[in-house]
Amino acid sequence: MGCAPPAGGVSLEGVDLAKETVIGGRVRLGGNPVAGAYVRLLDSGGDFTGEVVTDEAGGFRFLARPGEWSVRVLSPKGSGSRAVIAELGLPADATVDL
Amino acid sequence: MSTDALVDIDWAVAHAGDPKVVFVEVDEDVSAYDKGHIAGAVKLDWKDDLQDPVRRDFVDQAGFEALLSARGIGNDDTVVLYGGNNNWFAAYAYWYFKVYGHADVKLLDGGRKKWELESKPLTTEVVDRPATTYTAKPADSSIRALRDEVSAAIGRDNLVDVRSPDEFAGRLLAPAHLPQEQSQRPGHIPGAKNVPWAKAANEDGTFKSADELASLYEGAGVDPAKDTVAYCRIGERSAHTWFVLHEILGRPNVKNYDGSWTEYGSLVGVPIELGD
């Protein structure tokens, strides 16, 4: 399965890893992907930085910069959050289980 | 909320099917509407419908009249705008409708996100409203700032930079979820106060209370006695802040600078500040 997504499900399509710091993953509930969840990227002070909506596979991705972040998920099925440390060139997995 | 410019989800549900209320969805992700929208809502594409196809500018008055006529929106209709991205583009469209003098326009508090989080229904049903003959007013320049006014406002008026702290400081050129591109130079307009748009919103996309909003801007050094220009990268997040200052807090003399950082940060010879 050469097309399988990388561990954590971070899609790297169109991303230049030499330049970009990637935070991504999936939103899951009971092991199943949650599509259409709102994923908010908060900085180390808890301030909002960006928001995306998960795709059909529950996947999401942010381009950020190295440092400490947290990811906050809102959906009709539940909410959740997790801390994540991002580094240049090494996609950070921020998968959230609701 | 005290302002009648803002309506909540319950109001929207109660007015579904009201023939004088037209829901209008405006998104950054222009495919969102086609995947599902509020029943009866028409779509405005912020780029294809609201921007001149050649020059960097609005559509002109005649273009706005043709657009609203084709969408079946009448001058006496109540227009309720909503959209994704915490209503960024819906707020932009709200400001745009005000520029062209639409009498009764409202913003759905929380927009598409709040609607979805409350599991309200979305439909893919095609909406076909009979065409109208819409008449717009000449563009109202009292709520839109152009670049020369912005340069003149440095050191005199409130300049509110509503981008993220990283964009303000010059560490990023665009929001973290978008490709990093745009202006020639990073940074901010000298003297601008950084009040990220998101500080005005709750996490479900609704606006904070008027009291919270008033203390937010005053705490950041935005003097309520002075005129204000709000800007961001392309003018849509700052339309959200313009809505807060002008429509919710009722401040006079608030302008949205829709040229924003993509214009200012590419101008030759203007002053730029870097850092937090």
# chains A, B, ... in the order shown; residues from 1 in each chain; ligands from 1
>>> select_by_dssp(residues="region 18-205 of chain B", states="alpha helix (DSSP H)", output="number ranges by chain")
B: 32-35, 61-70, 88-99, 111-117, 147-153, 165-169
>>> closest_atom_pairs(of="chain A", to="chain B", cutoff="6 Å", atoms="only C-alpha atoms", output="JSON lines")
{"residue": "A:Gly50", "atom": "CA", "partner": "B:Ala176", "partner_atom": "CA", "distance": 5.8}
{"residue": "A:Phe62", "atom": "CA", "partner": "B:His177", "partner_atom": "CA", "distance": 4.7}
{"residue": "A:Leu63", "atom": "CA", "partner": "B:Ala176", "partner_atom": "CA", "distance": 5.1}
{"residue": "A:Ala64", "atom": "CA", "partner": "B:Ala176", "partner_atom": "CA", "distance": 5.1}
{"residue": "A:Ser75", "atom": "CA", "partner": "B:Leu117", "partner_atom": "CA", "distance": 5.7}
{"residue": "A:Pro76", "atom": "CA", "partner": "B:Leu117", "partner_atom": "CA", "distance": 4.8}
>>> residues_around(residues="Glu68 (chain A)", least_positions_apart="4", cutoff="12 Å", atoms="only C-alpha atoms", output="list in words")
Thr21, Ile23, Leu41, Leu42, Asp43, Ser44, Gly45, Gly46, Asp47, Ala64, Arg82, Ala83, Val84, Ile85, Ala86, Glu87, Ala92 and Ala94 of chain A
>>> write_last_selection(atoms="N, CA, C and O atoms", output="mmCIF file, in the first residue's frame")
data_model
loop_
_atom_site.group_PDB
_atom_site.id
_atom_site.type_symbol
_atom_site.label_atom_id
_atom_site.label_comp_id
_atom_site.auth_asym_id
_atom_site.auth_seq_id
_atom_site.Cartn_x
_atom_site.Cartn_y
_atom_site.Cartn_z
ATOM 1 N N THR A 21 6.964 24.107 8.711
ATOM 2 C CA THR A 21 6.788 23.331 9.931
ATOM 3 C C THR A 21 5.345 22.853 9.959
ATOM 4 O O THR A 21 4.426 23.667 9.966
ATOM 5 N N ILE A 23 2.083 20.713 11.373
ATOM 6 C CA ILE A 23 1.365 20.066 12.469
ATOM 7 C C ILE A 23 0.099 19.478 11.854
ATOM 8 O O ILE A 23 -0.627 20.187 11.168
ATOM 9 N N LEU A 41 -5.771 25.753 16.073
ATOM 10 C CA LEU A 41 -4.370 25.735 16.516
ATOM 11 C C LEU A 41 -4.152 26.931 17.444
ATOM 12 O O LEU A 41 -4.388 28.082 17.059
ATOM 13 N N LEU A 42 -3.731 26.629 18.678
ATOM 14 C CA LEU A 42 -3.500 27.681 19.675
ATOM 15 C C LEU A 42 -2.012 27.761 19.986
ATOM 16 O O LEU A 42 -1.324 26.731 20.049
ATOM 17 N N ASP A 43 -1.504 28.973 20.189
ATOM 18 C CA ASP A 43 -0.072 29.115 20.488
ATOM 19 C C ASP A 43 0.203 28.792 21.953
ATOM 20 O O ASP A 43 -0.694 28.417 22.714
ATOM 21 N N SER A 44 1.464 28.950 22.352
ATOM 22 C CA SER A 44 1.846 28.526 23.707
ATOM 23 C C SER A 44 1.149 29.349 24.775
ATOM 24 O O SER A 44 1.034 28.923 25.924
ATOM 25 N N GLY A 45 0.647 30.544 24.408
ATOM 26 C CA GLY A 45 -0.118 31.353 25.359
ATOM 27 C C GLY A 45 -1.607 31.060 25.318
ATOM 28 O O GLY A 45 -2.389 31.729 25.988
ATOM 29 N N GLY A 46 -1.995 30.074 24.485
ATOM 30 C CA GLY A 46 -3.411 29.720 24.386
ATOM 31 C C GLY A 46 -4.179 30.579 23.403
ATOM 32 O O GLY A 46 -5.400 30.465 23.308
ATOM 33 N N ASP A 47 -3.455 31.458 22.671
ATOM 34 C CA ASP A 47 -4.151 32.320 21.714
ATOM 35 C C ASP A 47 -4.354 31.614 20.381
ATOM 36 O O ASP A 47 -3.495 30.875 19.905
ATOM 37 N N ALA A 64 2.962 25.891 10.450
ATOM 38 C CA ALA A 64 3.183 26.773 11.602
ATOM 39 C C ALA A 64 4.664 27.140 11.683
ATOM 40 O O ALA A 64 5.313 27.378 10.668
ATOM 41 N N ARG A 82 -5.133 18.661 22.682
ATOM 42 C CA ARG A 82 -3.853 18.053 23.032
ATOM 43 C C ARG A 82 -2.724 19.036 22.764
ATOM 44 O O ARG A 82 -2.836 19.925 21.921
ATOM 45 N N ALA A 83 -1.632 18.852 23.484
ATOM 46 C CA ALA A 83 -0.438 19.667 23.280
ATOM 47 C C ALA A 83 0.413 19.023 22.195
ATOM 48 O O ALA A 83 0.385 17.806 22.004
ATOM 49 N N VAL A 84 1.180 19.841 21.483
ATOM 50 C CA VAL A 84 2.047 19.301 20.439
ATOM 51 C C VAL A 84 3.288 20.186 20.316
ATOM 52 O O VAL A 84 3.223 21.397 20.507
ATOM 53 N N ILE A 85 4.428 19.543 20.054
ATOM 54 C CA ILE A 85 5.675 20.286 19.846
ATOM 55 C C ILE A 85 6.055 20.138 18.376
ATOM 56 O O ILE A 85 6.141 19.019 17.865
ATOM 57 N N ALA A 86 6.231 21.269 17.701
ATOM 58 C CA ALA A 86 6.505 21.249 16.265
ATOM 59 C C ALA A 86 7.974 21.567 15.997
ATOM 60 O O ALA A 86 8.558 22.427 16.657
ATOM 61 N N GLU A 87 8.547 20.843 15.018
ATOM 62 C CA GLU A 87 9.935 21.101 14.596
ATOM 63 C C GLU A 87 9.970 21.214 13.081
ATOM 64 O O GLU A 87 9.209 20.557 12.384
ATOM 65 N N ALA A 92 4.667 17.105 12.878
ATOM 66 C CA ALA A 92 4.242 16.755 14.236
ATOM 67 C C ALA A 92 2.849 16.151 14.192
ATOM 68 O O ALA A 92 1.927 16.739 13.628
ATOM 69 N N ALA A 94 -0.601 15.385 15.611
ATOM 70 C CA ALA A 94 -1.497 15.973 16.610
ATOM 71 C C ALA A 94 -2.864 15.291 16.561
ATOM 72 O O ALA A 94 -3.899 15.935 16.731
#
>>> residues_around(residues="Gly72 (chain B)", least_positions_apart="2", cutoff="12 Å", atoms="only C-alpha atoms", output="short mmCIF file (atom, residue, chain, number, x, y, z; two decimals) with N, CA and C atoms, in the first residue's frame")
data_model
loop_
_atom_site.label_atom_id
_atom_site.label_comp_id
_atom_site.auth_asym_id
_atom_site.auth_seq_id
_atom_site.Cartn_x
_atom_site.Cartn_y
_atom_site.Cartn_z
N PRO B 19 -40.36 35.00 3.53
CA PRO B 19 -40.07 35.44 2.15
C PRO B 19 -39.27 36.75 2.08
N LYS B 20 -39.25 37.52 3.16
CA LYS B 20 -38.50 38.79 3.11
C LYS B 20 -37.09 38.66 3.68
N VAL B 21 -36.73 37.44 4.10
CA VAL B 21 -35.39 37.21 4.65
C VAL B 21 -34.60 36.34 3.68
N VAL B 22 -33.46 36.83 3.24
CA VAL B 22 -32.61 36.06 2.33
C VAL B 22 -31.31 35.70 3.06
N PHE B 23 -31.08 34.42 3.24
CA PHE B 23 -29.81 33.98 3.80
C PHE B 23 -28.77 33.91 2.68
N VAL B 24 -27.58 34.40 2.96
CA VAL B 24 -26.52 34.43 1.95
C VAL B 24 -25.26 33.84 2.57
N GLY B 40 -32.65 27.45 1.49
CA GLY B 40 -33.05 28.71 0.88
C GLY B 40 -31.92 29.70 0.68
N ALA B 41 -30.75 29.40 1.25
CA ALA B 41 -29.64 30.36 1.17
C ALA B 41 -29.04 30.41 -0.24
N VAL B 42 -28.68 31.62 -0.67
CA VAL B 42 -27.94 31.75 -1.92
C VAL B 42 -26.46 31.92 -1.59
N LYS B 43 -25.63 31.75 -2.60
CA LYS B 43 -24.17 31.78 -2.39
C LYS B 43 -23.58 33.02 -3.05
N LEU B 44 -22.65 33.64 -2.34
CA LEU B 44 -21.80 34.65 -2.96
C LEU B 44 -20.37 34.17 -2.87
N GLU B 65 -25.09 45.89 -8.38
CA GLU B 65 -26.53 45.85 -8.73
C GLU B 65 -26.84 44.62 -9.56
N ALA B 66 -26.00 44.32 -10.54
CA ALA B 66 -26.23 43.17 -11.41
C ALA B 66 -26.14 41.87 -10.62
N LEU B 67 -25.16 41.82 -9.71
CA LEU B 67 -24.96 40.62 -8.90
C LEU B 67 -26.18 40.34 -8.02
N LEU B 68 -26.63 41.35 -7.27
CA LEU B 68 -27.76 41.13 -6.36
C LEU B 68 -29.07 40.89 -7.12
N SER B 69 -29.21 41.55 -8.27
CA SER B 69 -30.40 41.30 -9.09
C SER B 69 -30.44 39.85 -9.54
N ALA B 70 -29.28 39.35 -9.99
CA ALA B 70 -29.22 37.96 -10.47
C ALA B 70 -29.46 36.96 -9.35
N GLY B 74 -33.73 41.67 -3.25
CA GLY B 74 -34.37 42.96 -3.47
C GLY B 74 -33.89 44.00 -2.47
N ASN B 75 -34.10 45.28 -2.80
CA ASN B 75 -33.66 46.35 -1.90
C ASN B 75 -34.33 46.29 -0.53
N ASP B 76 -35.56 45.77 -0.48
CA ASP B 76 -36.26 45.75 0.81
C ASP B 76 -36.16 44.39 1.51
N ASP B 77 -35.34 43.50 0.99
CA ASP B 77 -35.12 42.22 1.67
C ASP B 77 -34.18 42.38 2.86
N VAL B 79 -31.18 40.84 4.50
CA VAL B 79 -30.10 39.93 4.10
C VAL B 79 -29.38 39.44 5.35
N VAL B 127 -31.11 26.44 -5.01
CA VAL B 127 -31.98 27.57 -4.69
C VAL B 127 -32.11 28.45 -5.93
N ASP B 128 -33.33 28.72 -6.31
CA ASP B 128 -33.55 29.54 -7.51
C ASP B 128 -34.52 30.65 -7.15
N ARG B 129 -33.99 31.83 -6.95
CA ARG B 129 -34.84 32.98 -6.63
C ARG B 129 -35.06 33.80 -7.90
N PRO B 130 -36.27 34.26 -8.15
CA PRO B 130 -36.49 35.08 -9.34
C PRO B 130 -35.65 36.36 -9.29
N ALA B 131 -35.16 36.76 -10.45
CA ALA B 131 -34.30 37.95 -10.52
C ALA B 131 -35.06 39.20 -10.09
N THR B 132 -34.30 40.13 -9.53
CA THR B 132 -34.87 41.42 -9.11
C THR B 132 -34.21 42.53 -9.92
N THR B 133 -34.63 43.76 -9.63
CA THR B 133 -33.93 44.92 -10.19
C THR B 133 -33.38 45.69 -9.00
N TYR B 134 -32.16 45.35 -8.62
CA TYR B 134 -31.57 45.91 -7.41
C TYR B 134 -30.90 47.25 -7.72
#
>>> residues_around(residues="Pro33 (chain A)", least_positions_apart="4", cutoff="10 Å", atoms="only C-alpha atoms", output="list in words")
Arg26, Val27, Arg28, Leu29, Ala37, Thr54, Asp55, Glu56, Ala57, Gly58, Gly59 and Asp97 of chain A
>>> select_by_dssp(residues="chain A", states="strand (DSSP E)", output="PyMOL selection string")
chain A and resi 21-29+32-33+38-42+48-53+59-64+67-75+78-86+92-93+96-97
>>> closest_residue(among="B:Trp11, B:Tyr264, B:Tyr33, B:Tyr217", to="Val126 (chain B)", atoms="only C-alpha atoms")
B:Tyr33
>>> atom_distance(atom1="CA of Asn256 (chain B)", atom2="CA of Ser215 (chain B)")
20.6 Å
>>> atom_distance(atom1="CA of Asn158 (chain B)", atom2="CA of Leu6 (chain B)")
24.7 Å
>>> residues_around(residues="Leu274 (chain B)", least_positions_apart="6", cutoff="7 Å", atoms="only C-alpha atoms", output="PyMOL selection string")
chain B and resi 169-170+187-188
>>> atom_distance(atom1="CA of Asp29 (chain B)", atom2="CA of Ala210 (chain B)")
29.3 Å
